[in-house]
>>> print(open('target.csv').read())   # CSV, C-alpha atoms
chain,number,residue,atom,x,y,z
A,1,GLY,CA,3.9,12.2,-4.9
A,2,ALA,CA,3.4,10.2,-8.0
A,3,VAL,CA,0.0,10.0,-9.6
A,4,VAL,CA,-1.3,6.5,-10.3
A,5,SER,CA,-4.6,5.6,-11.9
A,6,GLN,CA,-6.5,2.3,-12.3
A,7,HIS,CA,-9.2,1.3,-14.7
A,8,PRO,CA,-11.9,0.3,-14.1
A,9,SER,CA,-12.7,1.4,-10.6
A,10,ARG,CA,-15.4,-1.3,-10.3
A,11,VAL,CA,-16.2,-4.3,-12.4
A,12,ILE,CA,-18.8,-7.0,-12.1
A,13,CYS,CA,-18.5,-10.1,-14.2
A,14,LYS,CA,-19.9,-13.6,-14.5
A,15,SER,CA,-18.1,-16.7,-13.2
A,16,GLY,CA,-15.7,-18.1,-15.9
A,17,THR,CA,-15.0,-14.9,-17.7
A,18,SER,CA,-11.7,-12.9,-17.7
A,19,VAL,CA,-11.2,-9.4,-16.4
A,20,LYS,CA,-8.4,-7.0,-17.2
A,21,ILE,CA,-7.4,-4.3,-14.8
A,22,GLU,CA,-5.1,-1.5,-15.9
A,23,CYS,CA,-2.6,0.4,-13.7
A,24,ARG,CA,-1.1,3.6,-15.2
A,25,SER,CA,1.7,5.8,-13.9
A,26,LEU,CA,0.7,9.3,-15.0
A,27,ASP,CA,3.6,11.4,-14.3
A,28,PHE,CA,6.8,9.3,-14.4
A,29,GLN,CA,8.1,6.2,-16.0
A,30,ALA,CA,8.0,3.2,-13.7
A,31,THR,CA,10.1,0.1,-14.3
A,32,THR,CA,8.6,-1.6,-11.3
A,33,MET,CA,5.0,-1.9,-10.3
A,34,PHE,CA,3.3,-4.0,-7.7
A,35,TRP,CA,-0.1,-5.7,-7.5
A,36,TYR,CA,-1.9,-6.3,-4.2
A,37,ARG,CA,-5.2,-7.8,-3.2
A,38,GLN,CA,-7.3,-6.9,-0.3
A,39,PHE,CA,-10.3,-9.0,1.0
A,40,PRO,CA,-12.9,-7.3,3.3
A,41,LYS,CA,-11.7,-6.4,6.7
A,42,GLN,CA,-8.2,-7.6,5.9
A,43,SER,CA,-4.9,-6.0,5.1
A,44,LEU,CA,-3.2,-5.7,1.7
A,45,MET,CA,-1.5,-8.8,0.4
A,46,LEU,CA,1.2,-8.5,-2.2
A,47,MET,CA,0.4,-10.7,-5.2
A,48,ALA,CA,3.3,-10.0,-7.6
A,49,THR,CA,6.0,-7.6,-8.7
A,50,SER,CA,5.7,-6.4,-12.3
A,51,ASN,CA,8.9,-5.4,-14.1
A,52,GLU,CA,8.8,-3.6,-17.4
A,53,GLY,CA,10.0,-5.9,-20.2
A,54,SER,CA,10.3,-9.0,-18.2
A,55,LYS,CA,8.2,-11.6,-16.5
A,56,ALA,CA,6.4,-10.8,-13.3
A,57,THR,CA,7.5,-12.3,-10.0
A,58,TYR,CA,4.7,-13.9,-8.1
A,59,GLU,CA,4.4,-14.3,-4.3
A,60,GLN,CA,4.0,-17.8,-2.9
A,61,GLY,CA,0.5,-19.1,-3.3
A,62,VAL,CA,-0.5,-16.8,-6.2
A,63,GLU,CA,-1.2,-18.7,-9.4
A,64,LYS,CA,0.7,-17.1,-12.2
A,65,ASP,CA,-1.6,-18.7,-14.9
A,66,LYS,CA,-4.7,-17.3,-13.3
A,67,PHE,CA,-3.4,-13.8,-12.6
A,68,LEU,CA,-1.6,-12.7,-15.8
A,69,ILE,CA,0.5,-9.6,-15.5
A,70,ASN,CA,1.8,-7.6,-18.4
A,71,HIS,CA,4.1,-4.6,-18.0
A,72,ALA,CA,4.7,-3.8,-21.7
A,73,SER,CA,5.5,-0.1,-21.2
A,74,LEU,CA,7.0,2.2,-18.6
A,75,THR,CA,3.6,3.6,-17.7
A,76,LEU,CA,1.2,0.7,-17.9
A,77,SER,CA,0.9,-2.6,-16.2
A,78,THR,CA,-2.2,-4.9,-16.6
A,79,LEU,CA,-3.5,-7.6,-14.4
A,80,THR,CA,-5.9,-10.1,-16.0
A,81,VAL,CA,-7.9,-12.4,-13.8
A,82,THR,CA,-8.6,-15.4,-16.0
A,83,SER,CA,-11.6,-17.7,-15.5
A,84,ALA,CA,-12.8,-15.6,-12.6
A,85,HIS,CA,-14.7,-17.3,-9.8
A,86,PRO,CA,-16.6,-15.8,-6.8
A,87,GLU,CA,-13.7,-16.3,-4.5
A,88,ASP,CA,-11.6,-13.9,-6.7
A,89,SER,CA,-13.9,-11.1,-5.7
A,90,SER,CA,-11.7,-8.6,-4.0
A,91,PHE,CA,-10.2,-5.1,-4.0
A,92,TYR,CA,-7.2,-5.1,-6.4
A,93,ILE,CA,-4.6,-2.3,-5.9
A,94,CYS,CA,-1.5,-1.5,-7.8
A,95,SER,CA,1.5,0.6,-6.8
A,96,VAL,CA,4.4,2.1,-8.6
A,97,TYR,CA,7.9,2.4,-7.4
A,98,PHE,CA,9.4,6.0,-7.6
A,99,SER,CA,13.2,5.6,-7.3
A,100,ALA,CA,13.8,9.3,-6.7
A,101,THR,CA,12.2,9.1,-3.3
A,102,ASP,CA,12.5,5.3,-2.8
A,103,THR,CA,8.7,5.2,-2.2
A,104,GLN,CA,5.7,3.3,-3.6
A,105,TYR,CA,2.6,5.2,-4.6
A,106,PHE,CA,-0.7,3.5,-4.9
A,107,GLY,CA,-3.6,3.6,-7.3
A,108,PRO,CA,-7.2,4.0,-6.1
A,109,GLY,CA,-8.0,0.4,-6.5
A,110,THR,CA,-10.4,-1.8,-8.5
A,111,ARG,CA,-13.2,-3.6,-6.9
A,112,LEU,CA,-14.0,-6.9,-8.6
A,113,THR,CA,-17.2,-8.7,-8.0
A,114,VAL,CA,-17.6,-12.1,-9.6
A,115,LEU,CA,-21.2,-13.5,-9.7
B,1,ASP,CA,4.9,-11.5,8.3
B,2,ALA,CA,4.9,-7.8,9.3
B,3,LYS,CA,7.8,-6.9,11.5
B,4,THR,CA,5.9,-4.1,13.3
B,5,THR,CA,3.4,-4.0,16.1
B,6,GLN,CA,0.6,-1.5,16.2
B,7,PRO,CA,-2.5,-1.1,18.4
B,8,PRO,CA,-5.5,-2.3,16.6
B,9,SER,CA,-7.6,0.9,17.2
B,10,MET,CA,-7.4,4.4,18.6
B,11,ASP,CA,-9.7,7.3,19.0
B,12,CYS,CA,-9.0,11.0,18.8
B,13,ALA,CA,-11.0,14.1,19.2
B,14,GLU,CA,-11.1,16.5,16.2
B,15,GLY,CA,-8.6,19.3,16.5
B,16,ARG,CA,-6.4,17.4,18.9
B,17,ALA,CA,-3.1,15.7,18.1
B,18,ALA,CA,-3.2,12.0,17.1
B,19,ASN,CA,-0.2,10.0,18.3
B,20,LEU,CA,0.1,6.6,16.6
B,21,PRO,CA,2.7,4.3,18.1
B,22,CYS,CA,4.6,1.5,16.3
B,23,ASN,CA,7.0,-1.0,17.7
B,24,HIS,CA,9.7,-2.5,15.5
B,25,SER,CA,12.2,-4.0,17.9
B,26,THR,CA,13.9,-6.2,15.3
B,27,ILE,CA,14.6,-3.4,12.8
B,28,SER,CA,17.8,-3.7,10.9
B,29,GLY,CA,20.3,-1.0,10.1
B,30,ASN,CA,19.2,-0.4,6.5
B,31,GLU,CA,15.5,-0.4,7.1
B,32,TYR,CA,13.4,2.7,7.0
B,33,VAL,CA,10.2,3.3,8.8
B,34,TYR,CA,7.4,4.1,6.4
B,35,TRP,CA,3.8,5.2,7.2
B,36,TYR,CA,0.9,4.9,4.9
B,37,ARG,CA,-2.8,5.3,5.6
B,38,GLN,CA,-5.9,3.8,3.9
B,39,ILE,CA,-9.2,5.6,3.9
B,40,HIS,CA,-12.1,3.2,3.4
B,41,SER,CA,-12.3,1.8,-0.1
B,42,GLN,CA,-9.3,3.7,-1.4
B,43,GLY,CA,-5.7,2.8,-2.2
B,44,PRO,CA,-3.1,3.5,0.5
B,45,GLN,CA,-1.7,7.0,0.7
B,46,TYR,CA,1.9,7.6,1.5
B,47,ILE,CA,2.4,9.8,4.6
B,48,ILE,CA,6.1,10.0,5.6
B,49,HIS,CA,9.2,7.9,6.2
B,50,GLY,CA,12.4,8.1,8.1
B,51,LEU,CA,15.6,6.3,9.0
B,52,LYS,CA,16.7,7.6,12.4
B,53,ASN,CA,16.1,11.3,12.5
B,54,ASN,CA,12.7,12.9,13.2
B,55,GLU,CA,10.9,13.9,10.1
B,56,THR,CA,8.1,16.4,9.4
B,57,ASN,CA,6.1,17.2,6.3
B,58,GLU,CA,2.8,18.9,5.5
B,59,MET,CA,0.9,15.9,6.6
B,60,ALA,CA,2.6,14.6,9.8
B,61,SER,CA,5.6,14.2,12.0
B,62,LEU,CA,7.6,11.1,12.6
B,63,ILE,CA,9.4,10.6,15.8
B,64,ILE,CA,11.9,7.6,15.9
B,65,THR,CA,13.5,6.6,19.2
B,66,GLU,CA,17.2,6.7,19.4
B,67,ASP,CA,17.5,2.9,19.5
B,68,ARG,CA,15.1,2.8,16.5
B,69,LYS,CA,13.0,0.1,18.1
B,70,SER,CA,9.9,2.2,18.1
B,71,SER,CA,8.4,5.3,16.4
B,72,THR,CA,5.3,7.5,16.6
B,73,LEU,CA,3.4,9.2,13.9
B,74,ILE,CA,1.9,12.5,14.9
B,75,LEU,CA,-1.0,14.1,13.2
B,76,PRO,CA,-0.9,17.6,14.8
B,77,HIS,CA,-4.5,18.6,14.4
B,78,ALA,CA,-6.7,15.7,13.5
B,79,THR,CA,-9.7,16.2,11.3
B,80,LEU,CA,-12.6,13.9,10.5
B,81,ARG,CA,-10.9,13.2,7.2
B,82,ASP,CA,-8.0,11.6,9.0
B,83,THR,CA,-10.2,8.7,10.0
B,84,ALA,CA,-8.4,5.7,8.3
B,85,VAL,CA,-6.3,2.6,8.9
B,86,TYR,CA,-2.6,3.6,9.5
B,87,TYR,CA,0.2,1.2,8.5
B,88,CYS,CA,3.7,1.3,9.9
B,89,ILE,CA,6.0,-0.6,7.6
B,90,LEU,CA,9.7,-1.4,7.6
B,91,TYR,CA,11.3,-1.1,4.2
B,92,SER,CA,14.8,-1.8,3.0
B,93,ALA,CA,16.1,1.1,1.0
B,94,GLY,CA,18.0,1.1,-2.2
B,95,GLY,CA,16.0,-1.3,-4.3
B,96,TYR,CA,12.7,-2.4,-5.6
B,97,ASN,CA,11.7,-4.1,-2.4
B,98,LYS,CA,8.3,-5.2,-1.2
B,99,LEU,CA,6.1,-3.5,1.2
B,100,ILE,CA,4.6,-5.9,3.7
B,101,PHE,CA,1.4,-4.6,5.3
B,102,GLY,CA,0.4,-5.6,8.8
B,103,ALA,CA,-3.0,-5.1,10.3
B,104,GLY,CA,-2.4,-1.4,11.1
B,105,THR,CA,-4.2,0.9,13.5
B,106,ARG,CA,-7.7,2.0,12.8
B,107,LEU,CA,-7.9,5.6,13.9
B,108,ALA,CA,-11.3,7.1,14.5
B,109,VAL,CA,-11.5,10.9,14.7
B,110,HIS,CA,-14.7,12.1,16.3
B,111,PRO,CA,-16.3,15.5,16.7
>>> encode(input="target.csv", output="structure tokens")
Amino acid sequence: GAVVSQHPSRVICKSGTSVKIECRSLDFQATTMFWYRQFPKQSLMLMATSNEGSKATYEQGVEKDKFLINHASLTLSTLTVTSAHPEDSSFYICSVYFSATDTQYFGPGTRLTVL
Amino acid sequence: DAKTTQPPSMDCAEGRAANLPCNHSTISGNEYVYWYRQIHSQGPQYIIHGLKNNETNEMASLIITEDRKSSTLILPHATLRDTAVYYCILYSAGGYNKLIFGAGTRLAVHP
């Protein structure tokens, strides 16, 4: 399967600051990536679909101005949590779509803690 | 909302086969059955997928009933490292479609 990395794996920040999370597709070019969020003891919730060279598509209830997504290259998508608050503390996971197998492959996740 | 139903938890003895069921009675003709698992504090891992024929790979086997309304993921010789949450997901092929995760089945493999 495809290899996907995320950076950082863990981040702790103060309330009101912004945090950028990177998602990289290491072994193929991905025109489409996805961002998910997972709260403790819950399942993954899709936040947005990131398309290379165009604006991301956000799921209902996800604030696009708060969660900025940039997919400027075929191997990198970034999620920026702006003006983070404690309720944004969560596990953020990206996936890349591999068209050859019509399968999504996931990164290892980034745990965000906002104090 | 997820279109699949899975038992919330299951237990399995190490070395034995783990059979994880999934009901998807409203599956449509172009939807595949995908299985992922998530080990604690990690991203989901792809396991296997199928349309209507049974599938096998190095990780597992997937058995889909003839009417496609249910399926079973089989881990032939479960190990402690197979302890995870297993997700059965319906996915429309041929495009960059969304994966909708349900609650999954928490499989505990014990010695």
>>> closest_atom_pairs(input="target.csv", of="chain B", to="chain A", cutoff="10 Å", atoms="only C-alpha atoms", output="CSV")
residue,atom,partner,partner_atom,distance
B:Tyr34,CA,A:Thr103,CA,8.8
B:Tyr36,CA,A:Tyr105,CA,9.7
B:Gln38,CA,A:Ser43,CA,9.9
B:Ser41,CA,A:Gly109,CA,7.8
B:Gln42,CA,A:Pro108,CA,5.2
B:Gly43,CA,A:Pro108,CA,4.3
B:Pro44,CA,A:Phe106,CA,5.9
B:Gln45,CA,A:Phe106,CA,6.7
B:Tyr46,CA,A:Tyr105,CA,6.6
B:Ile47,CA,A:Gly1,CA,9.9
B:Ile48,CA,A:Thr103,CA,9.5
B:His49,CA,A:Thr103,CA,8.8
B:Val85,CA,A:Ser43,CA,9.5
B:Tyr87,CA,A:Ser43,CA,9.5
B:Tyr91,CA,A:Thr103,CA,9.3
B:Ser92,CA,A:Asp102,CA,9.5
B:Ala93,CA,A:Asp102,CA,6.7
B:Gly94,CA,A:Asp102,CA,6.9
B:Gly95,CA,A:Asp102,CA,7.6
B:Tyr96,CA,A:Tyr97,CA,7.0
B:Asn97,CA,A:Tyr97,CA,9.0
B:Lys98,CA,A:Leu46,CA,7.9
B:Leu99,CA,A:Leu46,CA,7.8
B:Ile100,CA,A:Leu46,CA,7.3
B:Phe101,CA,A:Leu44,CA,5.9
B:Gly102,CA,A:Ser43,CA,6.5
B:Ala103,CA,A:Ser43,CA,5.6
B:Gly104,CA,A:Ser43,CA,8.0
>>> atom_distance(input="target.csv", atom1="CA of Lys14 in chain A", atom2="CA of Ser83 in chain A")
9.3 Å
>>> residues_near_point(input="target.csv", point="(0.3, 8.3, 18.8)", cutoff="12 Å", atoms="only C-alpha atoms", output="ChimeraX atom specification")
/B:6-7,9-12,16-23,60-64,70-76,78,86,88,105-107
>>> closest_residue(input="target.csv", among="B:Ile39, B:Ala13, B:Leu80, B:Leu90", to="Ser25 in chain B", atoms="all atoms listed in the file")
B:Leu90
>>> residues_around(input="target.csv", residues="range 85-88 of chain A", least_positions_apart="6", cutoff="7 Å", atoms="all atoms listed in the file", output="list in words")
Ser15, Gly16, Val114 and Leu115 of chain A
>>> atom_distance(input="target.csv", atom1="CA of Ala30 in chain A", atom2="CA of Met47 in chain A")
18.0 Å
>>> residues_around(input="target.csv", residues="Ser28 in chain B", least_positions_apart="2", cutoff="12 Å", atoms="all atoms listed in the file", output="list of chain:residue names")
B:Lys3, B:His24, B:Ser25, B:Thr26, B:Asn30, B:Glu31, B:Tyr32, B:Val33, B:Leu51, B:Lys52, B:Asp67, B:Arg68, B:Lys69, B:Leu90, B:Tyr91, B:Ser92, B:Ala93
>>> atom_distance(input="target.csv", atom1="CA of Thr80 in chain A", atom2="CA of Ile21 in chain A")
6.1 Å
>>> closest_residue(input="target.csv", among="A:Arg24, A:His71, A:Arg37, A:Lys66", to="Pro8 in chain A", atoms="all atoms listed in the file")
A:Arg24
>>> closest_residue(input="target.csv", among="A:Gln6, A:Thr113, A:Gln29, A:Gln38", to="Ala84 in chain A", atoms="only C-alpha atoms")
A:Thr113
>>> axis_aligned_box(input="target.csv", around="range 37-48 of chain B", padding_each_side="3 Å", output="AutoDock Vina command-line options")
--center_x -3.1 --center_y 5.9 --center_z 1.7 --size_x 24.4 --size_y 14.2 --size_z 13.8
